[in-house]
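The block underneath contains the structure these notes are about, expressed in structure tokens.
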Amino acid sequence: MFSLLSLSGRSSFTDVQVEQCMFIVIGLITVTLAHAIWDKYSRKPPPVINPPGLFDFTGMSRKRDFLEQSYDLIHGTTRGSSSRPFSVYSDFGPIMLLPTTFVDEIKNHPKLSLLKLIEEKFQGSHPGLEPYKADLGVGIMRQIAKKQLTKFLNRVTLPLSLEASFAIQTILGDSSEWKELNLKSMNLALVCQLSSRVFLGELLCRNEDWLQTTSEYPVNALLAASQLRIYPKLLRPIVHWFLPECKLLRRQAAKARSIIQPVISQRQLERRKALEEGRPVPEYDDAINWAEEESKQYKYEPATLQLSLAGASIHTTADLLSKTILELLAHPELIQALRNEAIEVLRVHGWTKTGLYNLKLMDSVLKETQRVQPLGMVVMQRRADADVYLSDGTIIPKGVKCAVPNTSRLDSGVYENPDKFDGYRFLKMRRNPGREKSAQLVTTSVESLGFGHGIHACPGRFLAADEIKIALCHLLLKYDLKLSRDISPKVAWIGLALEVNPDITISLRRRKEEIDVDSP
């Protein structure tokens with residue numbers, strides 16, 4: 001008892017000590033709360049410049065306004081501003097936009113993922129949309145494009161020219177009378193066949209069912225993903241089974257498998273027979289075979305891969321071809337200049353990689369078209385896999401989508417008269433010492449972001465450049481072209497994309513080419 005009382009007396013606190021303890025506790029709580037509040041607000045993306053209206057509970061009105069006003073929102077904010085990050089609420093949700101001063105800082109950042117953004121945008125985790133899944137479709141597709149496709153291009157020029165000759169003959173015919181065709185549909189059919197020649201080989205590239213599936217699937221996937229994103233995430237795994245757009249995608253994916261699988265089975269049989277008979281095993285130089293080589297590191301399903309390749313390449317390549325033709329029709333003096341260049345180059349080099357490289361005026365026209373009429377208003381789109389801290393203190397919080405406005409293409413400090421189309425712009429730049437490479441279509445830089453920049457720059461841009469040059473040589477040498485009627489606008493910003501007017505038609509008639517472009 002005595003000991004307990006003694007201990008109790010010794011352990012009792014004075015009023016001063018109690019007060020000090022309370023001050024310490026209150027101080028700790030205050031610091032903790034202040035840090036939590038600072039962390040919360042410092043990690044928030046910059047304010048949205050197009051917040052929703054008072055009664056726009058679903059955000060649909062804001063999305064609709066963005067589709068119509070996107071150009072003024074993004075360009076009006078970045079031009080002449082303090083070049084600070086800002087956010088916009090797009091039809092794809094909120095996006096944090098970084099000024100071009102951050103391009104080199106983010107271009108290879110390991111915590112900023114393009115593949116995860118694609119999967120989220122196209123809802124790649126749902127059946128029928130697997131080509132956009134990061135670890136299934138787009139993952140192996142990008143590896144093949146970087147590793148296999150680039151090596152293959154040295155051997156693809158002549159086969160692509162032969163395929164272009166066949167496809168153009170089929171689509172346009174030989175009539176010397178004017179023939180009217182829809183510009184987008186014509187180029188989509190042409191590019192679809194050329195790309196299929198590379199991805200699938202001779203056997204399937206002219207299969208009508210396959211060409212229809214691969215040309216329609218990317219558009220249907222975009223529509224289906226847009227519909228899915230309207231619903232809360234928790235409901236999407238159920239809703240997708242009932243949406244007509246998603247049902248159509250599942251049918252198209254099944255159709256793709258039914259077309260590709262017999263080819264794979266036949267190849268396996270031929271290889272087994274060759275081994276049994278002691279003959280050399282047949283080799284196939286196309287994306288089906290490349291994927292089998294890469295399948296040790298990546299998940300692989302043949303039809304999913306092919307639809308992923310189609311989604312990434314066909315429509316974007318056809319878009320640049322269509323916009324280039326529109327620019328040529330607006331500047332007809334370039335058409336004969338391009339014909340003269342093609343005649344001179346093909347006579348010397350023929351259908352070779354060197355020949356395509358020496359189409360320098362054509363390369364300049366293509367790069368200038370991409371500068372003036374880009375695919376999109378923003379580039380280098382990413383999703384943060386973790387908090388990303390930039391050099392000026394800006395934080396990109398985990399899960400936030402970010403991009404860079406494609407405005408450096410209009411910088412008067414880089415380009416003289418940037419609002420004017422000049423087909424010779426990059427040809428003249430290419431003649432300057434030290435600019436030979438940077439002025440080429442396939443070269444990316446802070447001033448030229450049409451194909452992105454850094455580790456996620458478009459890996460298929462080399463194929464796209466070759467396909468368009470080959471297609472233009474055949475079209476310009478074999479046909480006269482003109483607009484069927486003057487439709488305005490010819491292109492228009494819809495959301496973040498610059499779209500060619502789907503109603504534009506052009507007229508073509510056969511002309512006698514100065515050289516034989518169909519011979520090997």
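Labels used: A, B, ... for chains in the order of the structure tokens, numbers from 1 for residues in each chain, and numbers from 1 for ligands as shown.
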Please provide the set of residues having any atom within 8 Å of segment 317-332 of chain A, restricted to only C-alpha atoms, with same-chain residues fewer than 2 positions apart removed, written as a ChimeraX atom specification.
-> /A:183-184,187-188,191,313-315,334-336,365-366,369-370,373,375,464,468,481-483,500
Next, the residues of the selection above should be written as an mmCIF file, in the first residue's frame with N, CA, C and O atoms.
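File written: again21.cif
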```cif
data_model
loop_
_atom_site.group_PDB
_atom_site.id
_atom_site.type_symbol
_atom_site.label_atom_id
_atom_site.label_comp_id
_atom_site.auth_asym_id
_atom_site.auth_seq_id
_atom_site.Cartn_x
_atom_site.Cartn_y
_atom_site.Cartn_z
ATOM 1 N N LEU A 183 -13.729 10.368 -100.724
ATOM 2 C CA LEU A 183 -12.293 10.424 -100.438
ATOM 3 C C LEU A 183 -11.903 9.504 -99.286
ATOM 4 O O LEU A 183 -10.950 8.716 -99.395
ATOM 5 N N LYS A 184 -12.616 9.587 -98.180
ATOM 6 C CA LYS A 184 -12.256 8.779 -97.009
ATOM 7 C C LYS A 184 -12.418 7.292 -97.282
ATOM 8 O O LYS A 184 -11.556 6.490 -96.911
ATOM 9 N N ASN A 187 -9.552 5.948 -99.644
ATOM 10 C CA ASN A 187 -8.250 5.804 -99.001
ATOM 11 C C ASN A 187 -8.250 4.746 -97.902
ATOM 12 O O ASN A 187 -7.242 4.069 -97.684
ATOM 13 N N LEU A 188 -9.377 4.596 -97.227
ATOM 14 C CA LEU A 188 -9.467 3.551 -96.205
ATOM 15 C C LEU A 188 -9.348 2.167 -96.838
ATOM 16 O O LEU A 188 -8.627 1.300 -96.333
ATOM 17 N N VAL A 191 -5.539 1.750 -98.002
ATOM 18 C CA VAL A 191 -4.595 1.548 -96.904
ATOM 19 C C VAL A 191 -4.860 0.236 -96.185
ATOM 20 O O VAL A 191 -3.923 -0.455 -95.760
ATOM 21 N N SER A 313 -3.164 1.437 -86.925
ATOM 22 C CA SER A 313 -2.471 1.881 -88.132
ATOM 23 C C SER A 313 -3.369 2.309 -89.284
ATOM 24 O O SER A 313 -3.091 3.325 -89.944
ATOM 25 N N ILE A 314 -4.414 1.585 -89.556
ATOM 26 C CA ILE A 314 -5.131 1.773 -90.818
ATOM 27 C C ILE A 314 -5.813 3.135 -90.903
ATOM 28 O O ILE A 314 -5.623 3.894 -91.863
ATOM 29 N N HIS A 315 -6.592 3.489 -89.893
ATOM 30 C CA HIS A 315 -7.351 4.738 -89.978
ATOM 31 C C HIS A 315 -6.447 5.961 -89.871
ATOM 32 O O HIS A 315 -6.699 6.980 -90.523
ATOM 33 N N LEU A 334 1.671 21.698 -106.901
ATOM 34 C CA LEU A 334 2.506 20.669 -106.288
ATOM 35 C C LEU A 334 2.350 19.307 -106.965
ATOM 36 O O LEU A 334 3.256 18.473 -106.899
ATOM 37 N N ILE A 335 1.221 19.085 -107.614
ATOM 38 C CA ILE A 335 0.956 17.767 -108.186
ATOM 39 C C ILE A 335 1.978 17.433 -109.273
ATOM 40 O O ILE A 335 2.577 16.347 -109.267
ATOM 41 N N GLN A 336 2.193 18.354 -110.213
ATOM 42 C CA GLN A 336 3.156 18.072 -111.280
ATOM 43 C C GLN A 336 4.571 18.001 -110.729
ATOM 44 O O GLN A 336 5.387 17.192 -111.195
ATOM 45 N N VAL A 365 5.928 17.487 -98.209
ATOM 46 C CA VAL A 365 4.491 17.744 -98.322
ATOM 47 C C VAL A 365 3.727 16.984 -97.245
ATOM 48 O O VAL A 365 2.796 17.510 -96.618
ATOM 49 N N LEU A 366 4.120 15.745 -97.005
ATOM 50 C CA LEU A 366 3.456 14.935 -95.984
ATOM 51 C C LEU A 366 3.671 15.526 -94.589
ATOM 52 O O LEU A 366 2.727 15.610 -93.788
ATOM 53 N N THR A 369 1.658 18.680 -94.243
ATOM 54 C CA THR A 369 0.245 18.356 -94.047
ATOM 55 C C THR A 369 -0.012 17.943 -92.611
ATOM 56 O O THR A 369 -0.986 18.374 -91.989
ATOM 57 N N GLN A 370 0.854 17.111 -92.067
ATOM 58 C CA GLN A 370 0.704 16.681 -90.680
ATOM 59 C C GLN A 370 0.837 17.863 -89.720
ATOM 60 O O GLN A 370 0.170 17.900 -88.680
ATOM 61 N N GLN A 373 -2.509 20.049 -90.549
ATOM 62 C CA GLN A 373 -3.736 19.287 -90.293
ATOM 63 C C GLN A 373 -3.396 18.028 -89.496
ATOM 64 O O GLN A 373 -3.441 16.919 -90.026
ATOM 65 N N LEU A 375 -3.433 14.900 -86.684
ATOM 66 C CA LEU A 375 -4.438 13.902 -86.321
ATOM 67 C C LEU A 375 -5.237 14.362 -85.115
ATOM 68 O O LEU A 375 -6.456 14.165 -85.054
ATOM 69 N N ALA A 464 3.843 3.592 -92.139
ATOM 70 C CA ALA A 464 2.841 4.542 -92.627
ATOM 71 C C ALA A 464 3.426 5.465 -93.688
ATOM 72 O O ALA A 464 2.799 5.714 -94.734
ATOM 73 N N ILE A 468 2.087 5.542 -97.647
ATOM 74 C CA ILE A 468 1.513 6.749 -98.252
ATOM 75 C C ILE A 468 2.317 7.192 -99.462
ATOM 76 O O ILE A 468 1.745 7.596 -100.494
ATOM 77 N N LEU A 481 -6.724 14.243 -110.756
ATOM 78 C CA LEU A 481 -7.611 14.351 -109.601
ATOM 79 C C LEU A 481 -8.192 15.754 -109.520
ATOM 80 O O LEU A 481 -7.541 16.736 -109.867
ATOM 81 N N LYS A 482 -9.419 15.851 -109.031
ATOM 82 C CA LYS A 482 -10.027 17.143 -108.744
ATOM 83 C C LYS A 482 -11.155 16.932 -107.743
ATOM 84 O O LYS A 482 -11.674 15.824 -107.587
ATOM 85 N N LEU A 483 -11.507 18.013 -107.046
ATOM 86 C CA LEU A 483 -12.662 17.937 -106.153
ATOM 87 C C LEU A 483 -13.929 17.848 -106.980
ATOM 88 O O LEU A 483 -14.095 18.576 -107.966
ATOM 89 N N VAL A 500 -11.588 14.650 -91.289
ATOM 90 C CA VAL A 500 -11.917 14.975 -92.674
ATOM 91 C C VAL A 500 -13.426 14.849 -92.851
ATOM 92 O O VAL A 500 -14.043 13.890 -92.365
#
```
Strand (DSSP E or B) call set, DSSP backbone run, segment 114-301 of chain A, as a PyMOL selection string | chain A and resi 179-182
Residue selection dump (N, CA and C atoms) as a compact mmCIF listing (two decimals), in the first residue's frame:
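again-v7.txt written:
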```txt
# COMPACT_ATOMS: atom_id res chain seq x y z
N LYS A 179 -14.45 9.84 -112.72
CA LYS A 179 -15.19 8.93 -111.83
C LYS A 179 -15.19 9.53 -110.43
N GLU A 180 -16.38 9.64 -109.82
CA GLU A 180 -16.50 10.26 -108.52
C GLU A 180 -16.45 9.21 -107.41
N LEU A 181 -15.61 9.48 -106.38
CA LEU A 181 -15.48 8.55 -105.26
C LEU A 181 -15.41 9.33 -103.95
N ASN A 182 -15.90 8.72 -102.89
CA ASN A 182 -15.77 9.32 -101.57
C ASN A 182 -14.31 9.23 -101.13
```
Which residues in segment 101-260 of chain A does DSSP call helix (DSSP H, G or I)? List them as a VMD selection string.
-> chain A and resid 101 to 106 114 to 121 130 to 132 137 to 172 183 to 200 208 to 229 236 to 239 244 to 260
What's the 6 Å shell around Asn406 of chain A, counting only C-alpha atoms, without same-chain residues fewer than 2 positions away, as a ChimeraX atom specification?
-> /A:377-379,408
Write the residues you've just listed into a file as a PDB file, in the first residue's frame, and include N, CA and C atoms for each of them.
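Resulting contents of out-v5.pdb:
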```pdb
ATOM      1  N   MET A 377      -5.495  17.251 -81.445  1.00  0.00           N
ATOM      2  CA  MET A 377      -5.167  18.527 -80.830  1.00  0.00           C
ATOM      3  C   MET A 377      -4.176  18.378 -79.689  1.00  0.00           C
ATOM      4  N   VAL A 378      -4.112  17.168 -79.114  1.00  0.00           N
ATOM      5  CA  VAL A 378      -3.138  16.904 -78.053  1.00  0.00           C
ATOM      6  C   VAL A 378      -2.335  15.667 -78.435  1.00  0.00           C
ATOM      7  N   VAL A 379      -1.137  15.576 -77.893  1.00  0.00           N
ATOM      8  CA  VAL A 379      -0.232  14.460 -78.190  1.00  0.00           C
ATOM      9  C   VAL A 379       0.357  13.957 -76.867  1.00  0.00           C
ATOM     10  N   SER A 408       3.036  23.506 -80.642  1.00  0.00           N
ATOM     11  CA  SER A 408       4.367  23.931 -81.105  1.00  0.00           C
ATOM     12  C   SER A 408       4.425  23.970 -82.629  1.00  0.00           C
TER      13      SER A 408
END
```
Contacts of segment 100-111 of chain A at 12 Å (only C-alpha atoms; same-chain gap of 4+ positions) as a PyMOL selection string | chain A and resi 78-79+82-85+115-117+378-394+396-409+411+444-449+452-457
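By chain and then residue number, the residues within 8 Å of segment 130-146 of chain A are A:Leu115, A:Lys116, A:Ile118, A:Glu119, A:Phe122, A:Gln123, A:Gly124, A:Ala287, A:Trp290, A:Ala291, A:Glu294, A:Ser295, A:Tyr298, A:Lys299, A:Tyr300, A:Glu301, A:Thr304, A:Leu305, A:Leu307, A:Ser308, A:Leu309, A:Pro459, A:Gly460, counting only C-alpha atoms and disregarding those fewer than 6 positions away in sequence.
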Pick from A:Ala303, A:Ile506, A:Leu160, A:Leu441, whichever lies nearest to Arg257 of chain A using only C-alpha atoms = A:Ala303
Between A:Pro262, A:Asn289, A:Ala465, A:Ala310, which has the minimum distance to Asp363 of chain A (counting only C-alpha atoms)?
->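 The closest residue to Asp363 of chain A is A:Ala465.
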Top pick for closest residue to Lys121 of chain A, considering A:Ala221, A:Leu211, A:Gly278, A:Leu54 and counting only C-alpha atoms | A:Ala221
